[in-house]
$ cat coords.cif   # mmCIF, C-alpha atoms
data_start
#
loop_
_atom_site.label_atom_id
_atom_site.label_comp_id
_atom_site.auth_asym_id
_atom_site.auth_seq_id
_atom_site.Cartn_x
_atom_site.Cartn_y
_atom_site.Cartn_z
CA MET A 10 -21.18 -30.14 -142.48
CA SER A 11 -18.17 -32.06 -143.87
CA ASP A 12 -16.03 -30.87 -146.80
CA PHE A 13 -17.35 -33.75 -148.86
CA SER A 14 -20.93 -32.72 -148.17
CA GLU A 15 -20.16 -29.19 -149.27
CA GLU A 16 -18.47 -30.50 -152.39
CA LEU A 17 -21.48 -32.57 -153.39
CA ILE A 18 -24.29 -30.22 -152.34
CA ARG A 19 -23.18 -26.60 -152.43
CA SER A 20 -24.09 -24.28 -155.33
CA LYS A 21 -21.41 -23.02 -157.64
CA THR A 22 -19.72 -19.76 -156.69
CA GLU A 23 -17.94 -17.31 -158.94
CA ASP A 24 -14.58 -18.43 -157.55
CA ASP A 25 -15.22 -21.86 -159.02
CA GLN A 26 -15.56 -20.50 -162.56
CA GLU A 27 -12.13 -21.34 -163.94
CA GLU A 28 -10.99 -21.21 -167.52
CA SER A 29 -10.70 -24.99 -167.54
CA CYS A 30 -14.46 -25.37 -167.03
CA VAL A 31 -16.77 -26.28 -169.87
CA PHE A 32 -19.60 -23.80 -170.45
CA SER A 33 -23.04 -24.64 -171.76
CA GLY A 34 -24.99 -22.47 -174.14
CA THR A 35 -26.81 -20.94 -171.16
CA GLY A 36 -23.63 -19.81 -169.43
CA MET A 37 -23.65 -22.62 -166.83
CA SER A 38 -20.20 -23.98 -165.91
CA PHE A 39 -19.44 -27.68 -165.76
CA PRO A 40 -16.14 -28.30 -163.94
CA TRP A 41 -14.16 -31.56 -164.38
CA LEU A 42 -15.84 -32.21 -167.74
CA GLN A 43 -13.30 -30.66 -170.08
CA LYS A 44 -11.19 -33.77 -170.59
CA TYR A 45 -14.31 -35.91 -171.02
CA ILE A 46 -16.60 -33.70 -173.05
CA GLY A 47 -14.41 -33.91 -176.11
CA THR A 48 -15.53 -37.51 -176.55
CA VAL A 49 -19.13 -36.34 -177.10
CA ALA A 50 -19.39 -35.04 -180.63
CA THR A 51 -21.85 -34.50 -183.43
CA GLY A 52 -20.53 -33.94 -186.92
CA GLY A 53 -17.00 -33.54 -185.47
CA LYS A 54 -18.02 -30.60 -183.22
CA LYS A 55 -18.01 -30.61 -179.40
CA GLU A 56 -21.42 -30.56 -177.76
CA LYS A 57 -22.04 -27.20 -176.10
CA ASP A 58 -25.78 -27.42 -175.85
CA PHE A 59 -27.06 -27.48 -172.25
CA ALA A 60 -29.11 -30.69 -172.65
CA GLN A 61 -26.32 -32.55 -174.45
CA THR A 62 -23.79 -31.53 -171.82
CA THR A 63 -25.96 -32.64 -168.90
CA ASN A 64 -26.69 -35.91 -170.68
CA ALA A 65 -22.97 -36.49 -171.03
CA CYS A 66 -22.52 -35.66 -167.35
CA LEU A 67 -25.21 -38.20 -166.41
CA SER A 68 -23.45 -40.86 -168.49
CA PHE A 69 -20.18 -40.17 -166.68
CA ILE A 70 -21.93 -40.45 -163.31
CA GLN A 71 -23.47 -43.78 -164.27
CA GLU A 72 -20.14 -45.09 -165.52
CA ALA A 73 -18.41 -43.99 -162.31
CA LEU A 74 -21.09 -45.70 -160.20
CA LEU A 75 -20.73 -48.95 -162.16
CA LYS A 76 -16.98 -48.85 -161.53
CA HIS A 77 -17.44 -47.84 -157.85
CA ARG A 78 -15.45 -44.65 -158.40
CA TRP A 79 -17.36 -42.75 -155.75
CA GLN A 80 -15.18 -39.60 -155.68
CA LYS A 81 -15.37 -39.17 -159.43
CA ALA A 82 -19.14 -39.73 -159.33
CA ALA A 83 -19.42 -37.04 -156.63
CA GLU A 84 -17.51 -34.56 -158.78
CA PHE A 85 -19.75 -35.15 -161.78
CA MET A 86 -22.79 -35.04 -159.50
CA HIS A 87 -21.87 -31.52 -158.44
CA SER A 88 -22.14 -30.44 -162.05
CA TYR A 89 -25.30 -32.41 -162.72
CA PHE A 90 -27.23 -30.24 -160.25
CA GLN A 91 -27.46 -27.70 -163.08
CA ILE A 92 -30.20 -29.90 -164.61
CA LEU A 93 -32.56 -28.25 -162.12
CA GLU A 94 -32.41 -25.14 -164.31
CA ASP A 95 -33.14 -26.95 -167.56
CA SER A 96 -35.58 -25.12 -169.83
CA ASP A 97 -37.45 -28.38 -170.46
CA SER A 98 -40.15 -28.56 -167.74
CA HIS A 99 -40.41 -32.37 -167.94
CA LYS A 100 -36.68 -32.76 -167.33
CA ARG A 101 -36.84 -30.27 -164.47
CA GLN A 102 -39.65 -32.24 -162.82
CA ALA A 103 -37.83 -35.56 -163.22
CA ALA A 104 -34.45 -34.19 -162.12
CA PRO A 105 -34.95 -34.14 -158.29
CA GLU A 106 -35.72 -37.87 -158.14
CA ILE A 107 -32.75 -38.73 -160.37
CA ILE A 108 -30.44 -36.51 -158.30
CA TRP A 109 -31.70 -38.08 -155.08
CA LYS A 110 -31.21 -41.65 -156.31
CA LEU A 111 -27.73 -40.99 -157.66
CA GLY A 112 -26.64 -38.76 -154.77
CA SER A 113 -27.87 -41.08 -152.03
CA GLU A 114 -26.09 -44.02 -153.70
CA ILE A 115 -22.84 -42.05 -153.80
CA LEU A 116 -23.17 -40.88 -150.19
CA PHE A 117 -23.99 -44.37 -148.97
CA TYR A 118 -20.74 -45.81 -150.34
CA HIS A 119 -18.30 -42.88 -150.46
CA PRO A 120 -15.46 -43.52 -147.95
CA LYS A 121 -15.53 -39.91 -146.72
CA SER A 122 -19.28 -39.74 -146.30
CA ASN A 123 -21.02 -39.97 -142.92
CA VAL A 124 -24.49 -39.72 -141.41
CA GLU A 125 -24.28 -35.92 -141.10
CA THR A 126 -23.44 -35.65 -144.80
CA PHE A 127 -26.35 -37.89 -145.79
CA ASN A 128 -28.78 -36.02 -143.51
CA THR A 129 -27.81 -32.66 -145.01
CA PHE A 130 -28.25 -33.95 -148.55
CA ALA A 131 -31.61 -35.59 -147.74
CA ASP A 132 -32.94 -32.43 -146.07
CA ARG A 133 -31.95 -30.33 -149.07
CA MET A 134 -33.54 -32.74 -151.55
CA LYS A 135 -36.84 -33.00 -149.64
CA ASN A 136 -37.53 -29.38 -150.45
CA ILE A 137 -36.77 -29.65 -154.17
CA GLY A 138 -39.98 -30.84 -155.81
CA VAL A 139 -42.81 -31.42 -153.34
CA MET A 140 -43.80 -34.76 -154.86
CA ASN A 141 -40.52 -36.30 -153.68
CA TYR A 142 -40.82 -35.23 -150.06
CA LEU A 143 -42.49 -38.38 -148.73
CA LYS A 144 -40.41 -40.81 -150.77
CA ILE A 145 -37.13 -39.19 -149.71
CA SER A 146 -38.28 -38.98 -146.09
CA LEU A 147 -39.04 -42.69 -146.05
CA GLN A 148 -35.72 -43.65 -147.64
CA HIS A 149 -33.92 -41.28 -145.28
CA ALA A 150 -35.57 -43.04 -142.34
CA LEU A 151 -34.49 -46.44 -143.68
CA TYR A 152 -30.93 -45.15 -143.94
CA LEU A 153 -31.07 -44.06 -140.29
CA LEU A 154 -32.49 -47.45 -139.30
CA HIS A 155 -29.60 -49.12 -141.11
CA HIS A 156 -27.26 -47.15 -138.85
CA GLY A 157 -29.21 -48.07 -135.71
CA MET A 158 -30.53 -44.54 -135.16
CA LEU A 159 -34.08 -45.52 -134.22
CA GLU A 160 -35.07 -42.29 -132.49
CA ASP A 161 -33.86 -40.16 -135.40
CA ALA A 162 -35.69 -42.43 -137.85
CA ASN A 163 -38.89 -42.17 -135.81
CA ARG A 164 -38.60 -38.39 -135.63
CA ASN A 165 -38.05 -38.26 -139.39
CA LEU A 166 -41.14 -40.38 -140.02
CA SER A 167 -43.22 -38.26 -137.63
CA HIS A 168 -42.37 -35.12 -139.59
CA ALA A 169 -43.20 -36.82 -142.88
CA GLU A 170 -46.47 -38.17 -141.49
CA THR A 171 -47.83 -34.64 -141.10
CA TRP A 172 -46.77 -33.55 -144.60
CA ARG A 173 -49.50 -31.90 -146.62
CA TYR A 174 -49.41 -29.89 -149.81
CA GLY A 175 -52.84 -28.96 -151.09
CA GLU A 176 -54.45 -31.64 -153.25
CA LYS A 177 -51.14 -33.36 -153.87
CA SER A 178 -51.40 -35.26 -150.56
CA SER A 179 -54.32 -37.42 -151.72
CA SER A 180 -52.29 -38.85 -154.60
CA GLN A 181 -49.63 -39.99 -152.16
CA GLU A 182 -51.96 -41.68 -149.68
CA VAL A 183 -50.19 -45.02 -150.03
CA LEU A 184 -46.84 -43.40 -149.23
CA ILE A 185 -48.33 -41.75 -146.15
CA ASN A 186 -49.76 -45.12 -145.07
CA LEU A 187 -46.34 -46.70 -145.62
CA ILE A 188 -44.64 -44.02 -143.53
CA GLN A 189 -47.18 -44.57 -140.74
CA ALA A 190 -46.63 -48.32 -141.02
CA TYR A 191 -42.87 -47.95 -140.61
CA LYS A 192 -43.58 -45.83 -137.56
CA GLY A 193 -45.74 -48.70 -136.39
CA LEU A 194 -42.88 -51.12 -137.02
CA LEU A 195 -40.60 -49.03 -134.81
CA GLN A 196 -43.29 -49.01 -132.13
CA TYR A 197 -43.60 -52.78 -132.52
CA TYR A 198 -39.86 -53.06 -131.91
CA THR A 199 -40.26 -51.15 -128.63
CA TRP A 200 -43.30 -53.29 -127.74
CA SER A 201 -41.35 -56.47 -128.47
CA LYS A 202 -38.53 -55.40 -126.16
CA LYS A 203 -41.04 -54.63 -123.42
CA LYS A 204 -42.60 -58.06 -123.94
CA MET A 205 -39.22 -59.66 -123.31
CA GLU A 206 -38.76 -57.56 -120.19
CA LEU A 207 -42.24 -58.55 -119.01
CA SER A 208 -41.37 -62.25 -119.25
CA THR A 209 -38.65 -61.75 -116.63
CA LEU A 210 -40.95 -60.09 -114.07
CA ASP A 211 -43.18 -61.62 -111.38
CA GLU A 212 -46.88 -61.16 -112.19
CA ASP A 213 -47.54 -60.00 -108.61
CA ASP A 214 -44.86 -57.33 -108.84
CA TYR A 215 -45.88 -53.67 -109.30
CA ALA A 216 -43.30 -53.35 -112.07
CA TYR A 217 -45.15 -56.06 -113.99
CA ASN A 218 -48.38 -54.05 -114.05
CA THR A 219 -46.53 -50.90 -115.14
CA ALA A 220 -44.69 -52.73 -117.92
CA SER A 221 -47.91 -54.42 -119.02
CA GLN A 222 -49.69 -51.07 -119.30
CA ASN A 223 -46.80 -49.57 -121.28
CA MET A 224 -46.98 -52.52 -123.65
CA LEU A 225 -50.71 -52.02 -124.13
CA ASN A 226 -50.19 -48.35 -124.99
CA HIS A 227 -47.52 -49.21 -127.55
CA SER A 228 -49.65 -51.97 -129.09
CA TRP A 229 -52.57 -49.56 -129.55
CA LYS A 230 -50.32 -46.99 -131.30
CA THR A 231 -48.80 -49.70 -133.46
CA SER A 232 -52.20 -51.09 -134.45
CA VAL A 233 -53.38 -47.66 -135.55
CA ASN A 234 -50.29 -47.16 -137.71
CA LEU A 235 -50.35 -50.62 -139.30
CA CYS A 236 -54.06 -51.05 -140.00
CA ALA A 237 -54.40 -48.70 -142.96
CA LEU A 238 -51.44 -50.17 -144.83
CA ILE A 239 -52.27 -53.87 -144.51
CA GLN A 240 -55.75 -53.20 -145.89
CA THR A 241 -54.18 -51.72 -149.02
CA PRO A 242 -53.36 -54.28 -151.75
CA GLY A 243 -49.65 -55.07 -151.68
CA VAL A 244 -46.96 -57.26 -150.11
CA TRP A 245 -46.66 -56.19 -146.48
CA ASP A 246 -45.07 -59.23 -144.80
CA PRO A 247 -43.18 -57.63 -141.87
CA PHE A 248 -46.13 -55.38 -141.02
CA VAL A 249 -48.66 -58.23 -141.11
CA LYS A 250 -46.45 -60.48 -138.97
CA SER A 251 -45.94 -57.77 -136.36
CA TYR A 252 -49.65 -56.92 -136.18
CA VAL A 253 -50.71 -60.57 -135.92
CA GLU A 254 -48.17 -61.25 -133.17
CA MET A 255 -49.69 -58.47 -131.06
CA LEU A 256 -53.25 -59.63 -131.72
CA GLU A 257 -52.33 -63.16 -130.65
CA PHE A 258 -50.52 -61.90 -127.56
CA TYR A 259 -53.69 -60.13 -126.39
CA GLY A 260 -55.87 -63.14 -127.19
CA ASP A 261 -57.61 -61.75 -130.27
CA GLN A 262 -57.43 -65.00 -132.26
CA ASP A 263 -60.41 -64.07 -134.42
CA GLY A 264 -58.84 -60.76 -135.38
CA ALA A 265 -55.52 -62.43 -136.22
CA ARG A 266 -57.26 -65.10 -138.30
CA GLU A 267 -59.23 -62.48 -140.21
CA VAL A 268 -56.12 -60.43 -141.02
CA LEU A 269 -54.20 -63.49 -142.24
CA THR A 270 -57.13 -64.89 -144.21
CA ASN A 271 -57.67 -61.59 -146.02
CA TYR A 272 -53.96 -61.27 -146.70
CA ALA A 273 -53.84 -64.76 -148.24
CA TYR A 274 -57.14 -64.93 -150.12
CA ASP A 275 -58.20 -61.38 -151.04
CA GLU A 276 -58.01 -61.28 -154.85
CA LYS A 277 -57.01 -57.62 -154.79
CA PHE A 278 -53.67 -58.59 -153.20
CA PRO A 279 -50.83 -59.96 -155.38
CA SER A 280 -49.95 -63.65 -155.17
CA ASN A 281 -47.68 -64.07 -152.16
CA PRO A 282 -46.40 -67.45 -150.86
CA ASN A 283 -45.60 -65.96 -147.45
CA ALA A 284 -49.26 -65.02 -146.92
CA HIS A 285 -50.20 -68.71 -147.07
CA ILE A 286 -47.24 -69.72 -144.91
CA TYR A 287 -48.28 -67.24 -142.19
CA LEU A 288 -51.87 -68.48 -142.31
CA TYR A 289 -50.76 -72.12 -142.17
CA ASN A 290 -48.47 -71.56 -139.18
CA PHE A 291 -51.25 -69.68 -137.38
CA LEU A 292 -53.78 -72.46 -138.02
CA LYS A 293 -51.22 -75.02 -136.91
CA ARG A 294 -50.75 -73.14 -133.62
CA GLU A 295 -54.54 -73.16 -133.26
CA LYS A 296 -54.54 -76.94 -133.86
CA ALA A 297 -56.91 -76.52 -136.80
CA PRO A 298 -58.37 -79.65 -138.49
CA ARG A 299 -56.15 -81.48 -140.97
CA GLU A 300 -58.47 -80.64 -143.86
CA LYS A 301 -58.05 -76.92 -143.19
CA LEU A 302 -54.26 -77.24 -143.09
CA ILE A 303 -54.29 -79.22 -146.33
CA SER A 304 -56.42 -76.58 -148.09
CA VAL A 305 -53.89 -73.84 -147.20
CA LEU A 306 -50.82 -75.83 -148.22
CA LYS A 307 -52.50 -76.89 -151.45
CA ILE A 308 -52.42 -73.27 -152.62
CA LEU A 309 -48.81 -72.88 -151.50
CA TYR A 310 -47.97 -76.01 -153.50
CA GLN A 311 -49.40 -74.40 -156.63
CA ILE A 312 -47.24 -71.31 -156.09
CA VAL A 313 -43.98 -72.84 -154.77
CA PRO A 314 -43.93 -76.64 -155.29
CA SER A 315 -40.37 -76.85 -153.94
CA HIS A 316 -41.06 -75.12 -150.61
CA LYS A 317 -39.76 -76.91 -147.51
CA LEU A 318 -43.32 -77.16 -146.17
CA MET A 319 -44.16 -79.53 -149.04
CA LEU A 320 -42.75 -82.48 -147.10
CA GLU A 321 -45.07 -81.56 -144.25
CA PHE A 322 -47.86 -81.24 -146.82
CA HIS A 323 -47.06 -84.78 -148.01
CA ARG A 324 -47.32 -86.14 -144.46
CA LEU A 325 -50.73 -84.52 -144.02
CA LEU A 326 -51.95 -85.95 -147.33
CA ARG A 327 -50.60 -89.39 -146.45
CA LYS A 328 -52.59 -89.39 -143.20
CA SER A 329 -55.79 -88.32 -144.92
CA GLU A 330 -58.54 -90.85 -145.57
CA LYS A 331 -59.26 -89.50 -149.06
CA GLU A 332 -57.79 -91.37 -152.03
CA ASP A 333 -57.32 -88.20 -154.07
CA HIS A 334 -55.17 -86.86 -151.23
CA HIS A 335 -53.03 -90.00 -151.38
CA LYS A 336 -52.56 -89.50 -155.11
CA LEU A 337 -51.66 -85.84 -154.57
CA GLY A 338 -49.15 -86.92 -151.92
CA LEU A 339 -47.20 -88.80 -154.61
CA GLU A 340 -47.39 -85.85 -157.00
CA VAL A 341 -46.05 -83.51 -154.31
CA LEU A 342 -42.93 -85.64 -153.74
CA PHE A 343 -42.14 -85.85 -157.43
CA GLY A 344 -42.74 -82.08 -157.66
CA VAL A 345 -40.25 -81.32 -154.89
CA LEU A 346 -37.52 -83.40 -156.54
CA ASP A 347 -38.04 -81.69 -159.90
CA PHE A 348 -36.00 -78.77 -158.56
CA ALA A 349 -32.20 -78.67 -158.52
CA GLY A 350 -32.15 -77.16 -155.04
CA CYS A 351 -33.86 -80.26 -153.64
CA THR A 352 -31.76 -83.00 -155.28
CA LYS A 353 -29.74 -83.57 -152.10
CA ASN A 354 -32.77 -83.64 -149.81
CA ILE A 355 -32.46 -87.09 -148.26
CA THR A 356 -35.82 -86.82 -146.52
CA ALA A 357 -37.61 -86.26 -149.84
CA TRP A 358 -35.89 -89.30 -151.39
CA LYS A 359 -36.66 -91.41 -148.33
CA TYR A 360 -40.32 -90.38 -148.45
CA LEU A 361 -40.52 -91.07 -152.19
CA GLY A 362 -38.97 -94.53 -151.93
CA LYS A 363 -41.28 -95.52 -149.11
CA TYR A 364 -44.36 -94.02 -150.76
CA LEU A 365 -43.64 -95.64 -154.13
CA ARG A 366 -43.64 -99.06 -152.49
CA GLN A 367 -46.78 -98.22 -150.52
CA THR A 368 -48.55 -96.95 -153.65
CA LEU A 369 -47.60 -100.01 -155.70
CA VAL A 370 -48.64 -102.41 -152.94
CA GLY A 371 -51.97 -100.57 -152.92
CA ASN A 372 -52.41 -101.42 -156.63
CA HIS A 373 -51.97 -97.84 -157.87
CA LEU A 374 -49.39 -98.48 -160.58
CA ALA A 375 -51.25 -95.97 -162.80
CA TRP A 376 -50.48 -93.15 -160.33
CA VAL A 377 -46.77 -93.87 -160.51
CA GLN A 378 -46.78 -94.20 -164.29
CA GLU A 379 -48.65 -90.91 -164.63
CA GLU A 380 -45.97 -89.05 -162.68
CA TRP A 381 -43.09 -90.93 -164.30
CA ASN A 382 -44.23 -90.54 -167.92
CA SER A 383 -43.67 -86.78 -167.84
CA ARG A 384 -40.20 -87.23 -166.29
CA LYS A 385 -38.71 -90.36 -167.84
CA ASN A 386 -36.95 -88.34 -170.54
CA TRP A 387 -35.05 -86.06 -168.18
CA TRP A 388 -34.93 -87.48 -164.64
CA PRO A 389 -32.43 -90.27 -165.58
CA SER A 390 -29.74 -87.73 -166.53
CA PHE A 391 -30.88 -85.19 -163.94
CA HIS A 392 -30.79 -87.60 -160.99
CA PHE A 393 -29.61 -91.09 -161.94
CA SER A 394 -26.52 -90.82 -164.14
CA SER A 395 -23.24 -92.65 -163.44
CA PHE A 396 -21.71 -89.30 -162.50
CA TRP A 397 -24.29 -88.69 -159.81
CA ALA A 398 -23.99 -92.26 -158.52
CA LYS A 399 -20.23 -91.83 -157.94
CA SER A 400 -20.60 -88.28 -156.61
CA ASP A 401 -23.45 -89.12 -154.21
CA TRP A 402 -21.70 -92.25 -152.92
CA LYS A 403 -18.58 -90.23 -152.22
CA GLU A 404 -20.38 -87.33 -150.51
CA ASP A 405 -23.33 -89.01 -148.76
CA LYS A 406 -23.74 -92.80 -148.82
CA ALA A 407 -27.10 -92.65 -147.05
CA LEU A 408 -28.49 -90.31 -149.73
CA ALA A 409 -27.10 -92.55 -152.47
CA CYS A 410 -28.91 -95.57 -151.02
CA GLU A 411 -32.26 -93.76 -150.88
CA LYS A 412 -31.86 -92.56 -154.47
CA ALA A 413 -30.80 -96.03 -155.63
CA LEU A 414 -34.08 -97.49 -154.36
CA VAL A 415 -36.11 -94.90 -156.28
CA ALA A 416 -33.94 -95.33 -159.39
CA GLY A 417 -34.36 -99.09 -159.31
CA ILE A 418 -38.15 -98.90 -158.90
CA LEU A 419 -38.57 -96.39 -161.72
CA LEU A 420 -35.88 -97.58 -164.16
CA GLY A 421 -35.32 -101.20 -163.22
CA LYS A 422 -32.18 -103.02 -162.08
CA GLY A 423 -30.42 -102.07 -165.33
CA CYS A 424 -30.30 -98.40 -164.25
CA ARG A 425 -26.70 -97.16 -164.04
CA TYR A 426 -27.26 -95.44 -160.73
CA PHE A 427 -28.80 -98.52 -159.15
CA ARG A 428 -26.13 -100.84 -160.61
CA PHE A 429 -23.27 -98.72 -159.26
CA ILE A 430 -24.69 -98.48 -155.72
CA SER A 431 -25.74 -102.15 -155.58
CA LYS A 432 -22.16 -103.26 -156.39
CA GLN A 433 -20.59 -101.28 -153.52
CA ASP A 434 -19.15 -103.42 -150.76
CA ASP A 435 -19.68 -101.32 -147.66
CA GLN A 436 -19.63 -103.19 -144.38
CA VAL A 437 -21.99 -100.78 -142.63
CA LEU A 438 -24.51 -100.53 -145.49
CA ARG A 439 -24.29 -104.11 -146.76
CA LYS A 440 -27.63 -105.17 -145.26
CA LYS A 441 -29.36 -101.98 -146.42
CA ILE A 442 -28.15 -102.47 -150.00
CA LYS A 443 -29.38 -106.07 -149.89
CA ARG A 444 -32.86 -104.85 -148.83
CA ILE A 445 -32.83 -102.29 -151.64
CA LYS A 446 -32.12 -105.03 -154.19
CA LYS A 447 -35.06 -107.07 -152.90
CA SER A 448 -37.40 -104.07 -153.00
CA VAL A 449 -36.39 -103.24 -156.57
CA LYS A 450 -36.91 -106.84 -157.66
CA LYS A 451 -40.36 -106.85 -156.10
CA HIS A 452 -41.64 -103.35 -156.96
CA SER A 453 -39.88 -102.15 -160.12
CA ILE A 454 -42.40 -100.75 -162.62
CA VAL A 455 -40.14 -101.69 -165.53
CA ASN A 456 -40.55 -105.44 -165.09
CA PRO A 457 -43.30 -105.97 -162.50
CA GLY A 458 -42.88 -109.23 -160.61
CA LEU A 459 -39.29 -109.79 -161.80
#

$ encode --input "coords.cif" --output "structure tokens"
Amino acid sequence: MSDFSEELIRSKTEDDQEESCVFSGTGMSFPWLQKYIGTVATGGKKEKDFAQTTNACLSFIQEALLKHRWQKAAEFMHSYFQILEDSDSHKRQAAPEIIWKLGSEILFYHPKSNVETFNTFADRMKNIGVMNYLKISLQHALYLLHHGMLEDANRNLSHAETWRYGEKSSSQEVLINLIQAYKGLLQYYTWSKKKMELSTLDEDDYAYNTASQNMLNHSWKTSVNLCALIQTPGVWDPFVKSYVEMLEFYGDQDGAREVLTNYAYDEKFPSNPNAHIYLYNFLKREKAPREKLISVLKILYQIVPSHKLMLEFHRLLRKSEKEDHHKLGLEVLFGVLDFAGCTKNITAWKYLGKYLRQTLVGNHLAWVQEEWNSRKNWWPSFHFSSFWAKSDWKEDKALACEKALVAGILLGKGCRYFRFISKQDDQVLRKKIKRIKKSVKKHSIVNPGL
């Protein structure tokens, strides 16, 4: 074990008890605190009470972490271990988790720390307070995964999977399921690599049959480990995706559809945009009817109206034969462009310009006015100011032209944005700007028929 590990983890010895140490009322020594502890006072007297001293120590650790002073944090952490002997049972019970969170953060970033140091600390902490064993084991495994140590992570999870401590185990069922699921994710990784290897082999080759059987064995183990977790309410995106991929690979379309449908629509699960995205992509691969695709994206629209799939949603609505879908198609485009992150999306502006003209030609002025009335007080400055006209023209002339058409239709030819773009003399875009002027004259909702 490294010197740093010993410094952070080892218990105090008598040799460490120097005169410069600060002592608590219980006789515990707190090295390195003497020059700091004087700042903690009540009624002008230094705090010597055990609880007050450990609280001060915790404050110093937190301050050191905020300032990324990892060595100083480690020194204070050494002293903070004394909290495990606090006379307050509630503080004693809470202490292991606090020590683990602080210590693991320090060890993750400390320049002298390494995997061996972290492993030693994690193994020590797992045995301090049985209720933390599973949580620490899982986080330890994630640390090992971060360092590419897949076998060690898997071994760690296997040990944790078998953890039992009387009746306590039932209260941590979700954690056990999560540990099994991460084991399943590691098995999925192995299965995925074997799938890639299989794609390079000849189906008539003996090696193909062997690899195929190995894949089947891994998929069965993975399924067992993932099943329990994805049936528990929560957000389990990577686990669901992995499980569905395997089900699809082995031709179990019904099973995959059931998993994704439950994940998206089960009311016990929290609202999750990705659940609807996964279901939509699956149904799209299955070439599901347009109505089914629309029903899935309609829910996604209610959750994330600015999602990139909304333009695809608009295209589906536009192709529908239902008038209410056509109306929703206009609402969707306006909804996308309400968000700052979409203001430069030239496709959205192009779709809106084209669809505004189509909607007005179809005698649905009321649809446009309904959408515009709730935006006319803020869209002009948000999208169509003189500043944006100059900026857009400088950065992307094609975008500026698409926006100018929409600005002219919604605000008329007096709109600053439209006026600026329409006066530009660009040889390449001259014809396009001329067409924009004609469209605005014909379709503007400010002065219809002007």

$ atom_distance --input "coords.cif" --atom1 "atom CA of A:Leu292" --atom2 "atom CA of A:Asp275"
17.7 Å

$ closest_residue --input "coords.cif" --among "A:Ser96, A:Leu320, A:Glu332, A:Pro247" --to "A:Ile355" --atoms "all atoms listed in the file"
A:Leu320

$ residues_around --input "coords.cif" --residues "stretch 254-268 of chain A" --least-positions-apart "4" --cutoff "7 Å" --atoms "only C-alpha atoms" --output "PyMOL selection string"
chain A and resi 228+250+272

$ closest_atom_pairs --input "coords.cif" --of "stretch 112-135 of chain A" --to "stretch 59-82 of chain A" --cutoff "9 Å" --atoms "all atoms listed in the file" --output "CSV"
residue,atom,partner,partner_atom,distance
A:Gly112,CA,A:Ala82,CA,8.8
A:Glu114,CA,A:Leu74,CA,8.4
A:Ile115,CA,A:Trp79,CA,5.9
A:Leu116,CA,A:Trp79,CA,8.3
A:Tyr118,CA,A:Trp79,CA,7.1
A:His119,CA,A:Trp79,CA,5.4
A:Pro120,CA,A:Trp79,CA,8.1
A:Lys121,CA,A:Gln80,CA,9.0

$ write_last_selection --input "coords.cif" --atoms "C-alpha atoms" --output "PDB file, keeping the file's coordinate frame"
ATOM      1  CA  GLY A 112     -26.640 -38.760-154.770  1.00  0.00           C
ATOM      2  CA  GLU A 114     -26.090 -44.020-153.700  1.00  0.00           C
ATOM      3  CA  ILE A 115     -22.840 -42.050-153.800  1.00  0.00           C
ATOM      4  CA  LEU A 116     -23.170 -40.880-150.190  1.00  0.00           C
ATOM      5  CA  TYR A 118     -20.740 -45.810-150.340  1.00  0.00           C
ATOM      6  CA  HIS A 119     -18.300 -42.880-150.460  1.00  0.00           C
ATOM      7  CA  PRO A 120     -15.460 -43.520-147.950  1.00  0.00           C
ATOM      8  CA  LYS A 121     -15.530 -39.910-146.720  1.00  0.00           C
TER       9      LYS A 121
END

$ atom_distance --input "coords.cif" --atom1 "atom CA of A:Glu330" --atom2 "atom CA of A:Ile303"
12.4 Å

$ closest_residue --input "coords.cif" --among "A:Lys447, A:His149, A:Arg294, A:Lys412" --to "A:Lys359" --atoms "only C-alpha atoms"
A:Lys412

$ closest_residue --input "coords.cif" --among "A:Phe248, A:Tyr364, A:Tyr274, A:Phe90" --to "A:Arg324" --atoms "all atoms listed in the file"
A:Tyr364

$ resolve_selection --input "coords.cif" --expression "the PyMOL selection byres ((chain A and resi 108) around 12)" --output "short mmCIF file (atom, residue, chain, number, x, y, z; two decimals) with C-alpha atoms, in the frame of the given file"
data_model
loop_
_atom_site.label_atom_id
_atom_site.label_comp_id
_atom_site.auth_asym_id
_atom_site.auth_seq_id
_atom_site.Cartn_x
_atom_site.Cartn_y
_atom_site.Cartn_z
CA LEU A 17 -21.48 -32.57 -153.39
CA ILE A 18 -24.29 -30.22 -152.34
CA LEU A 67 -25.21 -38.20 -166.41
CA ILE A 70 -21.93 -40.45 -163.31
CA GLN A 71 -23.47 -43.78 -164.27
CA ALA A 82 -19.14 -39.73 -159.33
CA ALA A 83 -19.42 -37.04 -156.63
CA PHE A 85 -19.75 -35.15 -161.78
CA MET A 86 -22.79 -35.04 -159.50
CA HIS A 87 -21.87 -31.52 -158.44
CA SER A 88 -22.14 -30.44 -162.05
CA TYR A 89 -25.30 -32.41 -162.72
CA PHE A 90 -27.23 -30.24 -160.25
CA GLN A 91 -27.46 -27.70 -163.08
CA ILE A 92 -30.20 -29.90 -164.61
CA LEU A 93 -32.56 -28.25 -162.12
CA LYS A 100 -36.68 -32.76 -167.33
CA ARG A 101 -36.84 -30.27 -164.47
CA GLN A 102 -39.65 -32.24 -162.82
CA ALA A 103 -37.83 -35.56 -163.22
CA ALA A 104 -34.45 -34.19 -162.12
CA PRO A 105 -34.95 -34.14 -158.29
CA GLU A 106 -35.72 -37.87 -158.14
CA ILE A 107 -32.75 -38.73 -160.37
CA TRP A 109 -31.70 -38.08 -155.08
CA LYS A 110 -31.21 -41.65 -156.31
CA LEU A 111 -27.73 -40.99 -157.66
CA GLY A 112 -26.64 -38.76 -154.77
CA SER A 113 -27.87 -41.08 -152.03
CA GLU A 114 -26.09 -44.02 -153.70
CA ILE A 115 -22.84 -42.05 -153.80
CA LEU A 116 -23.17 -40.88 -150.19
CA PHE A 130 -28.25 -33.95 -148.55
CA ALA A 131 -31.61 -35.59 -147.74
CA ARG A 133 -31.95 -30.33 -149.07
CA MET A 134 -33.54 -32.74 -151.55
CA LYS A 135 -36.84 -33.00 -149.64
CA ILE A 137 -36.77 -29.65 -154.17
CA GLY A 138 -39.98 -30.84 -155.81
CA ASN A 141 -40.52 -36.30 -153.68
CA ILE A 145 -37.13 -39.19 -149.71
#
